[in-house]
Each structure stands twice: as C-alpha cells, then as structure tokens.
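**Q** For reference, the file work_17.cif (mmCIF, C-alpha atoms) is included below:
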```
data_query
loop_
_atom_site.label_atom_id
_atom_site.label_comp_id
_atom_site.auth_asym_id
_atom_site.auth_seq_id
_atom_site.Cartn_x
_atom_site.Cartn_y
_atom_site.Cartn_z
CA SER A 2 -15.53 72.61 -21.06
CA GLY A 3 -12.49 71.90 -18.90
CA MET A 4 -10.65 69.84 -21.51
CA GLY A 5 -7.78 72.32 -22.07
CA LYS A 6 -8.85 74.58 -24.93
CA SER A 7 -7.90 77.89 -23.30
CA ARG A 8 -4.67 76.46 -21.89
CA LEU A 9 -3.60 75.41 -25.38
CA LEU A 10 -4.28 78.95 -26.64
CA HIS A 11 -2.23 80.30 -23.73
CA ALA A 12 0.64 77.99 -24.70
CA TRP A 13 0.55 79.21 -28.29
CA SER A 14 0.33 82.84 -27.13
CA GLN A 15 3.35 82.48 -24.86
CA VAL A 16 5.44 80.97 -27.65
CA LEU A 17 4.30 83.46 -30.31
CA LEU A 18 5.15 86.40 -28.04
CA LYS A 19 8.75 85.20 -28.08
CA CYS A 20 8.80 85.26 -31.88
CA PRO A 21 8.80 88.18 -34.37
CA VAL A 22 5.01 87.90 -34.75
CA GLU A 23 2.20 90.36 -34.09
CA LEU A 24 -0.55 88.88 -31.95
CA SER A 25 -4.06 90.00 -31.08
CA ALA A 26 -6.70 88.16 -29.09
CA TYR A 27 -10.37 88.23 -28.24
CA ASP A 28 -11.93 86.15 -25.51
CA GLY A 29 -15.55 85.73 -24.60
CA LYS A 30 -14.80 86.20 -20.89
CA GLY A 31 -14.29 89.96 -21.05
CA GLY A 32 -10.50 89.74 -20.95
CA MET A 33 -10.22 87.35 -18.01
CA GLU A 34 -8.05 84.98 -20.07
CA PHE A 35 -5.97 87.03 -22.49
CA GLU A 36 -5.82 90.61 -21.28
CA ARG A 37 -2.93 89.47 -19.04
CA TYR A 38 -0.49 89.66 -21.98
CA THR A 39 -0.92 93.37 -22.70
CA GLY A 40 2.57 94.08 -21.33
CA SER A 41 4.06 93.03 -24.68
CA ALA A 42 4.45 95.72 -27.34
CA ARG A 43 3.46 93.25 -30.08
CA TYR A 44 0.23 92.19 -28.44
CA ALA A 45 -3.26 93.68 -28.45
CA PHE A 46 -6.26 92.49 -26.48
CA ILE A 47 -9.52 93.40 -28.27
CA ASP A 48 -12.79 93.73 -26.36
CA ASN A 49 -16.35 93.51 -27.67
CA ALA A 50 -16.65 97.23 -28.37
CA ALA A 51 -13.53 97.36 -30.55
CA MET A 52 -13.71 93.96 -32.24
CA VAL A 53 -15.56 94.94 -35.43
CA ASN A 54 -13.18 97.86 -35.97
CA HIS A 55 -10.22 95.54 -35.39
CA LEU A 56 -11.50 93.01 -37.91
CA GLU A 57 -12.02 95.78 -40.46
CA SER A 58 -8.49 97.09 -39.89
CA MET A 59 -7.10 93.59 -40.40
CA LEU A 60 -8.94 93.30 -43.69
CA ASP A 61 -7.51 96.69 -44.73
CA GLU A 62 -4.04 95.41 -43.84
CA MET A 63 -4.71 92.24 -45.83
CA GLU A 64 -5.58 94.28 -48.92
CA ARG A 65 -2.46 96.43 -48.47
CA ARG A 66 -0.30 93.34 -48.24
CA ASN A 67 -2.02 91.70 -51.21
CA ALA A 68 -1.16 94.75 -53.31
CA LEU A 69 2.50 94.34 -52.32
CA LEU A 70 2.43 90.64 -53.18
CA LYS A 71 0.87 91.42 -56.56
CA GLU A 72 3.57 94.01 -57.27
CA TYR A 73 6.26 91.34 -56.93
CA GLY A 74 4.25 88.51 -58.49
CA ALA A 75 4.24 86.63 -55.20
CA THR A 76 1.48 84.30 -54.02
CA SER A 77 2.46 84.22 -50.34
CA LEU A 78 4.15 86.35 -47.72
CA SER A 79 7.25 84.13 -47.70
CA GLU A 80 7.62 84.51 -51.50
CA TYR A 81 7.22 88.28 -51.20
CA GLN A 82 9.91 88.52 -48.53
CA ILE A 83 12.35 86.49 -50.64
CA ASP A 84 11.66 88.40 -53.85
CA SER A 85 11.58 91.89 -52.34
CA GLY A 86 14.14 91.51 -49.57
CA LYS A 87 11.67 93.24 -47.26
CA THR A 88 10.20 91.93 -44.03
CA LEU A 89 6.58 91.89 -42.95
CA PRO A 90 5.64 90.19 -39.68
CA HIS A 91 3.01 87.48 -39.60
CA HIS A 92 -0.07 88.44 -37.61
CA VAL A 93 -2.10 85.92 -35.62
CA LEU A 94 -5.60 86.66 -34.35
CA ILE A 95 -6.75 84.31 -31.58
CA ILE A 96 -10.48 84.09 -30.93
CA ASP A 97 -11.29 82.19 -27.75
CA GLU A 98 -15.01 81.43 -27.96
CA ILE A 99 -16.06 82.28 -31.46
CA SER A 100 -19.73 81.72 -30.62
CA GLY A 101 -19.70 84.94 -28.58
CA LEU A 102 -18.01 86.88 -31.36
CA MET A 103 -20.55 85.72 -33.92
CA GLU A 104 -23.28 87.40 -31.85
CA ILE A 105 -21.68 90.83 -32.35
CA ASP A 106 -23.45 92.67 -35.13
CA GLY A 107 -21.37 92.64 -38.33
CA ALA A 108 -18.61 90.37 -37.04
CA ARG A 109 -19.56 87.08 -38.75
CA GLY A 110 -18.96 88.24 -42.32
CA LEU A 111 -15.63 89.88 -41.40
CA VAL A 112 -14.34 86.76 -39.63
CA GLU A 113 -15.36 84.52 -42.52
CA ARG A 114 -13.63 86.78 -45.03
CA LEU A 115 -10.43 86.73 -42.97
CA ALA A 116 -10.58 82.94 -42.79
CA ARG A 117 -11.13 82.72 -46.54
CA GLU A 118 -8.66 85.29 -47.87
CA ALA A 119 -6.02 86.38 -45.35
CA ARG A 120 -3.64 83.45 -44.95
CA ALA A 121 -1.53 84.13 -48.05
CA SER A 122 -0.74 87.63 -46.79
CA GLY A 123 0.52 86.32 -43.48
CA ILE A 124 -2.58 86.99 -41.40
CA HIS A 125 -3.73 83.88 -39.58
CA LEU A 126 -6.94 83.12 -37.72
CA VAL A 127 -7.09 80.77 -34.71
CA SER A 128 -10.67 80.23 -33.58
CA ALA A 129 -11.87 78.12 -30.68
CA THR A 130 -15.14 77.20 -29.03
CA GLN A 131 -16.42 75.02 -26.21
CA HIS A 132 -19.67 74.66 -28.19
CA PRO A 133 -18.51 72.49 -31.13
CA GLU A 134 -21.73 72.52 -33.11
CA ALA A 135 -22.51 73.19 -36.75
CA ARG A 136 -24.46 76.34 -35.88
CA VAL A 137 -21.35 77.84 -34.22
CA ILE A 138 -18.60 76.72 -36.62
CA SER A 139 -19.61 78.00 -40.04
CA GLN A 140 -18.76 75.98 -43.12
CA THR A 141 -16.66 78.87 -44.46
CA ILE A 142 -14.42 78.84 -41.39
CA LEU A 143 -14.27 75.06 -41.33
CA ALA A 144 -13.37 74.79 -45.02
CA ASN A 145 -10.51 77.28 -44.59
CA SER A 146 -9.04 75.78 -41.42
CA ILE A 147 -6.00 73.81 -42.56
CA LEU A 148 -5.34 72.63 -39.00
CA ARG A 149 -8.18 71.33 -36.82
CA ILE A 150 -7.94 70.21 -33.21
CA ALA A 151 -10.61 68.58 -31.08
CA PHE A 152 -10.28 67.88 -27.39
CA SER A 153 -12.46 65.26 -25.73
CA VAL A 154 -16.14 65.84 -26.60
CA PRO A 155 -19.26 64.09 -25.34
CA HIS A 156 -20.84 63.11 -28.65
CA THR A 157 -19.86 62.06 -32.19
CA VAL A 158 -21.74 65.04 -33.62
CA ASN A 159 -19.36 67.40 -31.77
CA SER A 160 -16.32 65.65 -33.22
CA VAL A 161 -17.81 65.84 -36.71
CA ALA A 162 -18.49 69.59 -36.26
CA VAL A 163 -14.78 70.23 -35.68
CA LEU A 164 -12.95 67.52 -37.61
CA GLY A 165 -15.51 66.41 -40.16
CA THR A 166 -15.22 62.92 -38.73
CA SER A 167 -15.75 60.99 -35.49
CA GLY A 168 -13.01 60.14 -33.00
CA ALA A 169 -12.79 62.95 -30.46
CA GLU A 170 -15.63 61.41 -28.47
CA ARG A 171 -13.29 58.47 -27.73
CA LEU A 172 -10.46 60.52 -26.14
CA GLY A 173 -11.63 59.54 -22.68
CA GLY A 174 -12.14 62.94 -21.09
CA ILE A 175 -8.41 63.43 -20.40
CA PRO A 176 -7.56 67.15 -20.13
CA GLY A 177 -5.12 68.17 -22.85
CA ARG A 178 -5.62 64.99 -24.91
CA MET A 179 -6.47 66.03 -28.46
CA LEU A 180 -7.14 64.68 -31.91
CA ILE A 181 -5.38 66.69 -34.61
CA GLN A 182 -6.31 66.72 -38.28
CA TRP A 183 -3.62 68.19 -40.51
CA ARG A 184 -2.65 67.55 -44.13
CA GLY A 185 -4.86 64.49 -44.35
CA GLN A 186 -3.44 62.93 -41.17
CA ARG A 187 -5.17 62.32 -37.86
CA ILE A 188 -2.84 62.38 -34.85
CA ILE A 189 -3.58 61.88 -31.16
CA ALA A 190 -1.36 64.11 -29.01
CA GLN A 191 -1.08 65.42 -25.47
CA ALA A 192 -0.91 69.17 -24.83
CA TYR A 193 1.55 70.67 -22.39
CA HIS A 194 0.56 72.42 -19.20
CA VAL A 195 1.49 76.10 -19.02
CA GLU A 196 1.74 78.47 -16.10
CA LEU A 197 -0.22 81.69 -16.58
CA PRO A 198 1.40 85.06 -15.85
CA LYS A 199 -0.52 87.32 -13.53
CA PRO A 200 -2.65 89.91 -15.37
CA GLN A 201 -0.68 92.96 -16.54
CA ARG A 202 2.65 91.35 -15.61
CA ASP A 203 5.23 91.93 -18.34
CA THR A 204 6.99 88.57 -18.45
CA LEU A 205 6.75 87.98 -22.17
CA GLY A 206 8.11 89.41 -25.38
CA VAL A 207 11.68 88.57 -24.29
CA PRO A 208 14.47 87.67 -26.76
CA GLN A 209 14.13 84.31 -28.45
CA THR A 210 17.44 83.16 -26.94
CA GLU A 211 15.84 82.99 -23.50
CA GLU A 212 14.53 79.56 -22.58
CA ILE A 213 10.74 79.28 -22.49
CA ARG A 214 10.35 78.55 -18.80
CA GLN A 215 6.57 78.65 -18.54
CA ILE A 216 6.04 75.43 -20.50
CA THR A 217 6.64 72.16 -18.66
CA PRO A 218 5.29 68.63 -18.93
CA ALA A 219 1.95 68.17 -17.21
CA HIS A 220 3.63 65.84 -14.70
CA SER A 221 5.96 67.16 -12.02
CA GLU A 222 8.48 64.35 -12.49
CA ARG A 223 11.69 65.87 -13.83
CA LEU A 224 13.19 64.40 -16.99
CA ASP A 225 16.86 63.46 -16.74
CA ASP A 226 19.34 64.85 -19.26
CA ASN A 227 19.38 61.74 -21.49
CA VAL A 228 15.58 61.67 -21.81
CA ARG A 229 15.49 65.42 -22.35
CA ALA A 230 18.07 65.08 -25.16
CA MET A 231 15.92 62.45 -26.88
CA VAL A 232 12.81 64.62 -26.59
CA ARG A 233 14.66 67.63 -28.01
CA CYS A 234 15.98 65.50 -30.87
CA ALA A 235 12.45 64.21 -31.62
CA ILE A 236 11.16 67.78 -31.76
CA ASP A 237 14.01 69.03 -33.95
CA GLN A 238 14.18 66.10 -36.38
CA GLY A 239 10.69 64.67 -36.36
CA GLY A 240 8.40 67.57 -35.56
CA GLY A 241 7.45 65.88 -32.28
CA MET A 242 7.19 62.37 -33.74
CA PHE A 243 9.46 60.04 -31.76
CA VAL A 244 11.15 58.28 -34.70
CA VAL A 245 13.43 55.75 -33.03
CA THR A 246 15.91 55.35 -35.88
CA ARG A 247 16.39 59.11 -36.26
CA VAL A 248 16.83 59.74 -32.56
CA ALA A 249 19.27 56.84 -32.15
CA ALA A 250 21.36 57.89 -35.17
CA ALA A 251 21.43 61.57 -34.18
CA LEU A 252 22.55 60.88 -30.59
CA GLY A 253 24.69 57.81 -31.29
CA ILE A 254 22.81 55.53 -28.90
CA ARG A 255 21.25 52.07 -29.14
CA HIS A 256 17.77 51.65 -30.61
CA GLY A 257 16.71 49.66 -27.54
CA ASP A 258 17.51 52.60 -25.24
CA VAL A 259 15.36 54.90 -27.34
CA VAL A 260 12.48 52.41 -27.41
CA ALA A 261 12.67 51.97 -23.63
CA THR A 262 12.56 55.75 -23.16
CA ALA A 263 9.60 56.08 -25.52
CA ARG A 264 7.68 53.45 -23.54
CA TRP A 265 8.57 55.19 -20.26
CA LEU A 266 7.24 58.51 -21.63
CA GLU A 267 4.10 56.83 -22.96
CA GLU A 268 3.36 55.24 -19.56
CA ARG A 269 3.39 58.74 -18.04
CA GLY A 270 1.09 60.23 -20.64
CA LEU A 271 3.85 62.42 -22.11
CA LEU A 272 3.91 60.58 -25.44
CA THR A 273 0.97 59.12 -27.31
CA PRO A 274 1.12 55.77 -29.14
CA VAL A 275 0.91 57.58 -32.49
CA GLN A 276 3.80 59.87 -31.62
#
```
Translate this file's structure into structure tokens.
**A**
Amino acid sequence: SGMGKSRLLHAWSQVLLKCPVELSAYDGKGGMEFERYTGSARYAFIDNAAMVNHLESMLDEMERRNALLKEYGATSLSEYQIDSGKTLPHHVLIIDEISGLMEIDGARGLVERLAREARASGIHLVSATQHPEARVISQTILANSILRIAFSVPHTVNSVAVLGTSGAERLGGIPGRMLIQWRGQRIIAQAYHVELPKPQRDTLGVPQTEEIRQITPAHSERLDDNVRAMVRCAIDQGGGMFVVTRVAAALGIRHGDVVATARWLEERGLLTPVQ
C-alpha cells in the first residue's frame, strides 16, 4: 500500500487513451480511482454489478476475433491486420485490486480464461493487487503474465508471489521504485508521477500529436533542453535504457557528456543503475 501501484495504472491509462486502443477498467474502490476517465469515448468503467457481464462480453469478442484470425490463417492480431488489410483495435482491461474481483461470484474463471486465451486476439489483461499473496494471484494468471512488476513489498514471500523470485523486498520502500520481470530479464526502474484529472473531466482521448502534459518526472526540477534530448533519444533508441554509445552517436556529442548526464539523472532518482 502506498508504493505507487494505482499511480502506475493511471499513467498507463492516460497514455493508452491517447492511442487507438479501447480501454476498460475495474477498481475495488467503487470507481474512486478510474471512473474519472469516462469522458473518453473509448473508455468504459465497469462496476461490481456489471463486471461478470463485461467479462463474458470480452470472451465473446475474443471468440469472434479468433474466428477471423482462423479465416486468414493468422496466429495474432498483428498478422491478421497485415494479411486482411483490416483494422481491429487492441483492447486493454485494467483490474485494480484483483482480490476484490475474485470475490464476485463467477468472475474468477472468466478472468483466468481471458488471461490464458485472449492475448493473441488483441485483448490484454492488466491485473494489480496490494495483497501480493499466492491465494490472491492464481497460478493461471501468473503463468500467463508475460510482464510482471513488483513495487516495494515487506517480505520475500510477497516478491515471490508476483515475480516468482525474491528481490522486491529490497527496493527500500521508495514510492514508484519497481522490479520488472520481462523476457527473462529483471530490471529495476522508477515510475513517473502523473497528475490525475478531476472526475468526469474530459481531458483525455485527444489526438496523438498533442504532447502528453500530465506525465512529468517525480521531481520538480526542470530538465534543460540538452538533458531532455538525451532522455528522448534513450527512449526512442533504447526503450528507456540509457545506452551511452547510442545516445552519443545519435546526437553527435561526446561520450563523457552523456555519462555525466546519466550520473546526474541517477543522483536525482530519475534513472536507475540498471537503466
């Protein structure tokens, strides 16, 4: 609790609502967190009463899409769109506090089936909990989660429940500091701080050409243009990894200047040693 889980989900939501993606969300706080985004036409907030029906409709959509993929001999949504020349939007379902959802009669089996079968058709499940325990995170969901993130947790057993290994208990209780497990790699990273729109305020779903203004570094110190250019280059060329040789070559600057900037960012908690 308090380590940044919901804020990370808000950051993802704000970015996804600027992309051609359908988004739906459930939160265990009765809409206090995610009902605020209902101003976007591509967003749906789902409450307890409607959640089972929503999960069933997503499974129906999965089966419809799978039939289309089969028709074109495709094994993924991207293959289908290339082969058919048709476009289907990805759909992301965000579940903030999956332990509450699992208590709704009939929901567990539907969620597990989505986790197990839906990804190829472009339907993606993001599930989160502040109770990282084996009884909450089922093995089916865990086995089908290709990306796992753990914020700082009090005990090794909590880290193992999320990542399958220890490590998150050593993050030091820093909000936003996370241990990521993806494609066999473990990466320590720092999440960004996001400003939350007021409930019902339609500030999202704007064209992708508009700068994402809600997302800023957690520190108020403004980055100068040279540092900002290096950060942008690291994102574009290294997926967020600050590869000195790539950044220096792309911007035509000395390696030493890039190293000095990386150390400056690391001192301020904006860049982890791994990055």
**Q** Quick one: apply the PyMOL selection byres ((chain A and resi 179-194) around 6) to the file and drop the selected residues here as a ChimeraX atom specification.
**A** /A:148-152,177-178,195,218-219,273
**Q** Got a sec: who's within 10 Å of segment 59-66 of chain A, counting all atoms listed in the file, leaving out chain neighbours fewer than 6 positions off, as a list in words?
**A** Val53, Glu72, Ser77, Leu78, Tyr81, Leu89, His92, Leu94, Leu111, Val112, Arg114, Leu115, Glu118, Ala119, Arg120, Ala121, Ser122, Gly123 and Ile124 of chain A
**Q** When distances are computed from only C-alpha atoms, which of A:Lys71, A:Leu17, A:Glu98, A:Arg109 shows the smallest separation from Gly31 of chain A?
**A**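 Among A:Lys71, A:Leu17, A:Glu98, A:Arg109, it is A:Glu98 that comes nearest to Gly31 of chain A.
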**Q** Ranking A:Gly5, A:Gly253, A:Gly101, A:Pro155 by minimum distance to Cys234 of chain A and counting all atoms listed in the file, which one comes first?
**A** A:Gly253
**Q** Between atom CA of Phe243 of chain A and atom CA of Val93 of chain A, what is the spacing in Å?
**A**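 For atom CA of Val93 of chain A relative to atom CA of Phe243 of chain A, the distance reads 28.6 Å.
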**Q** If I take atom CA of Leu24 of chain A and atom CA of Leu197 of chain A, how far is one from the other in Å, to one decimal?
**A**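 Calculated distance between atom CA of Leu24 of chain A and atom CA of Leu197 of chain A is 17.0 Å.
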**Q** If you measure from atom CA of Phe35 of chain A to atom CA of Asn49 of chain A, what distance in Å do you get, rounded to one decimal?
**A**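 Straight-line distance from atom CA of Phe35 of chain A to atom CA of Asn49 of chain A works out to 13.3 Å.
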**Q** Just checking: using all atoms listed in the file, which residue out of A:Ser2, A:Asn67, A:Asn54, A:Ser7 ends up closest to Val127 of chain A?
**A**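 Looking at the shortest contact to Val127 of chain A, the residue is A:Ser7.
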**Q** Of the candidates A:Leu70, A:Ile96, A:Ala50, A:Val158, which shows the shortest atom-to-atom distance to His11 of chain A, using only C-alpha atoms?
**A**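 Closest residue, counting only C-alpha atoms: A:Ile96.
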**Q** Run the PyMOL selection byres ((chain A and resi 229) around 12) mentally over the shown coordinates, then write out the matched residues as number ranges by chain, using the chain letters and numbers from the document.
**A** A: 217-218, 223-228, 230-236, 248, 252, 259, 262-263, 266
**Q** For the residues selected in the previous step, produce a file with C-alpha atoms as an mmCIF file, keeping the file's coordinate frame.
**A**
```
data_model
loop_
_atom_site.group_PDB
_atom_site.id
_atom_site.type_symbol
_atom_site.label_atom_id
_atom_site.label_comp_id
_atom_site.auth_asym_id
_atom_site.auth_seq_id
_atom_site.Cartn_x
_atom_site.Cartn_y
_atom_site.Cartn_z
ATOM 1 C CA THR A 217 6.640 72.160 -18.660
ATOM 2 C CA PRO A 218 5.290 68.630 -18.930
ATOM 3 C CA ARG A 223 11.690 65.870 -13.830
ATOM 4 C CA LEU A 224 13.190 64.400 -16.990
ATOM 5 C CA ASP A 225 16.860 63.460 -16.740
ATOM 6 C CA ASP A 226 19.340 64.850 -19.260
ATOM 7 C CA ASN A 227 19.380 61.740 -21.490
ATOM 8 C CA VAL A 228 15.580 61.670 -21.810
ATOM 9 C CA ALA A 230 18.070 65.080 -25.160
ATOM 10 C CA MET A 231 15.920 62.450 -26.880
ATOM 11 C CA VAL A 232 12.810 64.620 -26.590
ATOM 12 C CA ARG A 233 14.660 67.630 -28.010
ATOM 13 C CA CYS A 234 15.980 65.500 -30.870
ATOM 14 C CA ALA A 235 12.450 64.210 -31.620
ATOM 15 C CA ILE A 236 11.160 67.780 -31.760
ATOM 16 C CA VAL A 248 16.830 59.740 -32.560
ATOM 17 C CA LEU A 252 22.550 60.880 -30.590
ATOM 18 C CA VAL A 259 15.360 54.900 -27.340
ATOM 19 C CA THR A 262 12.560 55.750 -23.160
ATOM 20 C CA ALA A 263 9.600 56.080 -25.520
ATOM 21 C CA LEU A 266 7.240 58.510 -21.630
#
```
**Q** Find, counting only C-alpha atoms, the residue in A:Leu172, A:Gly270, A:Leu56, A:Gln276 that gets nearest to Gly107 of chain A.
**A**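 Of A:Leu172, A:Gly270, A:Leu56, A:Gln276, the one nearest Gly107 of chain A, counting only C-alpha atoms, is A:Leu56.
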**Q** Starting from 5 Å padding per side, set up an axis-aligned box that covers all listed atoms of segment 263-269 of chain A and hand over centre and edge lengths in Å, one decimal, as JSON.
**A**
```
{"center_x": 6.5, "center_y": 56.1, "center_z": -21.8, "size_x": 16.2, "size_y": 15.3, "size_z": 17.5}
```
**Q** Rank nothing, just name the residue among A:Leu18, A:Val154, A:Ala250, A:Ile138 nearest to Ser41 of chain A, using all atoms listed in the file.
**A** A:Leu18
**Q** So which residues get picked by the PyMOL selection byres ((chain A and resi 47) around 9) here, written as a list in words?
**A** Ser25, Ala26, Tyr27, Asp28, Gly32, Glu36, Ala45, Phe46, Asp48, Asn49, Ala50, Ala51, Met52 and His55 of chain A
**Q** Please produce a file of the residues just selected, as a PDB file, in the coordinates of the input, where the atoms kept are C-alpha atoms.
**A**
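File produced: result_7.pdb:
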```pdb
ATOM      1  CA  SER A  25      -4.060  90.000 -31.080  1.00  0.00           C
ATOM      2  CA  ALA A  26      -6.700  88.160 -29.090  1.00  0.00           C
ATOM      3  CA  TYR A  27     -10.370  88.230 -28.240  1.00  0.00           C
ATOM      4  CA  ASP A  28     -11.930  86.150 -25.510  1.00  0.00           C
ATOM      5  CA  GLY A  32     -10.500  89.740 -20.950  1.00  0.00           C
ATOM      6  CA  GLU A  36      -5.820  90.610 -21.280  1.00  0.00           C
ATOM      7  CA  ALA A  45      -3.260  93.680 -28.450  1.00  0.00           C
ATOM      8  CA  PHE A  46      -6.260  92.490 -26.480  1.00  0.00           C
ATOM      9  CA  ASP A  48     -12.790  93.730 -26.360  1.00  0.00           C
ATOM     10  CA  ASN A  49     -16.350  93.510 -27.670  1.00  0.00           C
ATOM     11  CA  ALA A  50     -16.650  97.230 -28.370  1.00  0.00           C
ATOM     12  CA  ALA A  51     -13.530  97.360 -30.550  1.00  0.00           C
ATOM     13  CA  MET A  52     -13.710  93.960 -32.240  1.00  0.00           C
ATOM     14  CA  HIS A  55     -10.220  95.540 -35.390  1.00  0.00           C
TER      15      HIS A  55
END
```
